[in-house]
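K.L.:
The structure is given below, and queries will be raised subsequently.
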Amino acid sequence: MKILTLHCDYINFKPLKKALKSIGELSEKEKKGENIKEVLVVMTAVEKGDDVKISAEKLVENVMDVAKQVKAKNIVLYPYAHLSSKLASPDIAVKVLENAEKELKKNFKVSRAPFGYYKEFELKVKGHPLSELSREIVGGESTFKRKEVYDEKKLLREISKTKLDTSKLKENDHRILGQKMDLFSFSEVAPGMVFWHNNGLIIRNELINLWREVHRKAGYEEISTPQILDKRLWQISGHWEKYKENIFLTDYEKRTFAVKPMNCPGGMLVFKNKPKSYKDLPLRVGEMGIVHRQELSGVLGGLFRVIQFTQDDAHIFCTEKQIEEEISAIMDLIELFYSKIFDFSYRVELSTRPEKRIGSEKIWDKAEKTLENILKKKKMKYKINKGDGAFYGPKIDFHIKDSLGREWQCATIQLDFAMPERFELEYTGKDNKKKRPIMLHRVVYGSLERFIGILLEHYNGRLPTWLAPIQVRVLSFTDRNENYAKKIIEKIGGEIPMVRMDADFMQTTVQAKVKDAELMKVPYIIVVGDKEEKEGKVAVRIRGSKKIEEMKVGEFVERLKREIGEKERA
RNA sequence: GCCACAGUAGUUCAGUCGGUAGAACACAACAUUGGUAAUGUUGAGGUCAGGAGUUCAAUUCUCCUCUGUGGCUCCA
């Protein structure tokens, strides 16, 4: 908590209007206010993390100390929220003041100004050296090094289950699908951070696999950089100044580290690790980077907006002449993923210089112009989003519509002249002179979390077979058919090693088992009974349709193989 | 962060005008051996999100906190 003690000739104060609605009404006497002479006024602001008992004790200690020095006999405890920007909740603050008042009353005449009211006040400070003192009383239990007392069982109860309020959600909301299909969950102890379950992680991994395949072909390398990095690195990059409020901090041996909110600084260090030649450019370096950003709590929502997310990031270091070709290639990649593979329609925006930025106006002019030229040359339809660029450069953003018609920024291409400057990146040119590369930041999925959320709603959970967590489920009609079913599973598994198959041999009706499989949105439900066993066939139920096709196992394998292999839509 | 709303079993929900709770599904056991979206019986499951207050008594009333949802603002 913070306090300001004022040794005064007098103070007059009077409550006017309630400032907090949770505060109770005042008595008639309190409403009149007070007028006290020869008084030590203690302005107080109780802060978050302050312990009720300890803070009150410390407050009393400090007030006694000052009062003794200035020989004050009257004390006014005056709640003054303006001393702090991280206030404690009102009930805690009131308790601290009440406790302190009780204790101080043993030695002084004490008044307490009403809490939670706007008050007018007038005072005259004496002006001697000790008449104005401010003190900061640090915190709760931990800072006083008292032994931390806690009860694990009690704490466990405090961690309540995260209940989803589904009242305003649609049936195909990714949060509902995520629960029904056992894809992911959230917990109170990690707000805005995803717990991926097996089924959800399969989707995530499949997206990464596809991404790797495509990017390798497109000439990308892949790296991975540390999760926390020294503060100094972020001061160099400019994040410390322009992005500080979003960064999580942590300490290690008296050094401050930032949990990375972006991947670029790490990528810079890899670039700088070894001298580069013009022959290395364009250098395309990808990274599936997990980043953390402190977001305002009210903006979090399912997978669409989280605190921890995975960016399919890449940084391209190139010469000025290569910019156009590189950006054009990235736009083609985005088109491949969005239109050809997933059937999304998207909208393009050009985001220009924001208020908080690094780099000269001249550089910004050039960068914005470059992007605009490329968009025009490619004949892309786009909107200008003024002031929405990254702090290091302008960007081209790609927005996908979700099932409710809301738009989410996913892919982005950012042109950056500033960061290479700050990190003094260089390569040796043909003429043996050192040159500065230009950098492109880009993502295609944007955030895997957000992308998966949109994907789930887009397909209403019925993901294409190559993405489906369970691709085939084999059901037996009776216990008699279990062995044959197992053989089928073995056979399909032998033909398609990475196929995701499971079985339901429960002793219930076929209808019940089919229903379960349909609810899990399994693309192929194979049913085997006596008839199939005799004919050496399988009965295949194709997701969504009630049609059942009888076929030989080999035929089914071919069909499945084809479908898993062909990710691009026909 | 701000405004509004929500939190009861693994899930979906009912309920208590204040006297510590119930259904369905899921789960387990047993019976049943079935033909493409729910077989039957029995059983186990809850400090009613957490904390404080009022009260003889709080899941229920009041306040605070946390998380979630919708919107604002911000972003991938």
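All residue names refer to the structure tokens as shown: chains lettered A, B, ... in order, residues numbered from 1 in each chain, ligands numbered from 1 in order.
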Wanna dump the chain A-chain B contacts at 6 Å for me, each residue with its shortest atom pair and the distance in Å to one decimal, counting only C-alpha atoms (C1' of nucleotides), ordered by chain and number, as a Markdown table?
P.N.:
```
| residue | atom | partner | partner_atom | distance |
| --- | --- | --- | --- | --- |
| A:Glu158 | CA | B:G50 | C1' | 4.9 |
| A:Ser160 | CA | B:A49 | C1' | 5.0 |
| A:Leu164 | CA | B:G68 | C1' | 5.5 |
| A:Asp165 | CA | B:U69 | C1' | 5.2 |
| A:Glu188 | CA | B:U67 | C1' | 5.4 |
| A:Leu296 | CA | B:G1 | C1' | 5.7 |
| A:Cys410 | CA | B:A76 | C1' | 5.8 |
| A:Gly446 | CA | B:A76 | C1' | 5.2 |
| A:Ser447 | CA | B:A76 | C1' | 5.3 |
| A:Thr478 | CA | B:U33 | C1' | 5.2 |
| A:Thr509 | CA | B:G34 | C1' | 5.3 |
| A:Gln511 | CA | B:U36 | C1' | 5.8 |
| A:Ala512 | CA | B:A38 | C1' | 5.6 |
| A:Lys515 | CA | B:A37 | C1' | 4.0 |
```
K.L.:
Just asking: which residues within range 406-503 of chain A are strand (DSSP E or B) according to DSSP, as a PyMOL selection string?
P.N.:
chain A and resi 407-416+427-428+434-435+438-443+472-476+501-503
K.L.:
Write a file of the selected residues as a PDB file, in the first residue's frame, keeping C-alpha atoms.
P.N.:
```pdb
ATOM      1  CA  GLU A 407     -13.969 -11.589 -39.364  1.00  0.00           C
ATOM      2  CA  TRP A 408     -10.703 -12.687 -37.838  1.00  0.00           C
ATOM      3  CA  GLN A 409      -7.276 -11.617 -38.837  1.00  0.00           C
ATOM      4  CA  CYS A 410      -5.249 -14.704 -39.610  1.00  0.00           C
ATOM      5  CA  ALA A 411      -2.500 -14.400 -42.182  1.00  0.00           C
ATOM      6  CA  THR A 412      -0.339 -11.309 -42.285  1.00  0.00           C
ATOM      7  CA  ILE A 413       2.679 -10.170 -44.265  1.00  0.00           C
ATOM      8  CA  GLN A 414       4.741  -7.443 -42.657  1.00  0.00           C
ATOM      9  CA  LEU A 415       7.459  -5.436 -44.320  1.00  0.00           C
ATOM     10  CA  ASP A 416      10.199  -4.384 -41.956  1.00  0.00           C
ATOM     11  CA  TYR A 427      25.280  -9.621 -45.541  1.00  0.00           C
ATOM     12  CA  THR A 428      28.201  -9.328 -47.889  1.00  0.00           C
ATOM     13  CA  LYS A 434      28.399  -5.011 -46.204  1.00  0.00           C
ATOM     14  CA  LYS A 435      24.727  -4.487 -46.924  1.00  0.00           C
ATOM     15  CA  ILE A 438      15.220  -6.255 -45.568  1.00  0.00           C
ATOM     16  CA  MET A 439      12.988  -8.406 -43.519  1.00  0.00           C
ATOM     17  CA  LEU A 440       9.515  -9.816 -44.033  1.00  0.00           C
ATOM     18  CA  HIS A 441       7.498 -11.226 -41.157  1.00  0.00           C
ATOM     19  CA  ARG A 442       4.665 -13.490 -42.168  1.00  0.00           C
ATOM     20  CA  VAL A 443       2.200 -16.067 -40.955  1.00  0.00           C
ATOM     21  CA  VAL A 472     -12.279 -44.865 -39.056  1.00  0.00           C
ATOM     22  CA  ARG A 473     -14.214 -46.593 -36.334  1.00  0.00           C
ATOM     23  CA  VAL A 474     -14.916 -50.309 -36.522  1.00  0.00           C
ATOM     24  CA  LEU A 475     -18.041 -51.628 -34.862  1.00  0.00           C
ATOM     25  CA  SER A 476     -18.854 -55.232 -34.187  1.00  0.00           C
ATOM     26  CA  MET A 501      -8.646 -46.000 -36.240  1.00  0.00           C
ATOM     27  CA  ASP A 502     -10.453 -47.192 -33.191  1.00  0.00           C
ATOM     28  CA  ALA A 503     -12.965 -49.857 -32.363  1.00  0.00           C
TER      29      ALA A 503
END
```
K.L.:
Please identify all polymer residues within 8 Å of Met64 in chain A, counting only C-alpha atoms (C1' of nucleotides), omitting same-chain residues fewer than 4 positions from it, and present them as a PDB file with C-alpha atoms, in the first residue's frame.
P.N.:
```
ATOM      1  CA  VAL A  60      -0.006   1.324  12.266  1.00  0.00           C
ATOM      2  CA  LYS A  68       5.837  10.355  17.348  1.00  0.00           C
ATOM      3  CA  LEU A 104      -4.293   3.332  16.564  1.00  0.00           C
TER       4      LEU A 104
END
```
K.L.:
If you run DSSP on the backbone here, which positions in range 187-275 of chain A get helix (DSSP H, G or I)? Please write them as a PyMOL selection string.
P.N.:
chain A and resi 198-217+231-237+239-242+244-246+264-272
K.L.:
Closest to Arg436 in chain A among A:Arg422, A:Lys29, A:Lys153, A:His7, using only C-alpha atoms?
P.N.:
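Nearest to Arg436 in chain A: A:Arg422.
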K.L.:
With a distance cut-off of 9 Å and only C-alpha atoms (C1' of nucleotides), select the neighbouring residues of U16 in chain B, excluding the residue or stretch itself and same-chain residues fewer than 4 positions from it, and output the selection as number ranges by chain.
P.N.:
B: 21, 59-60
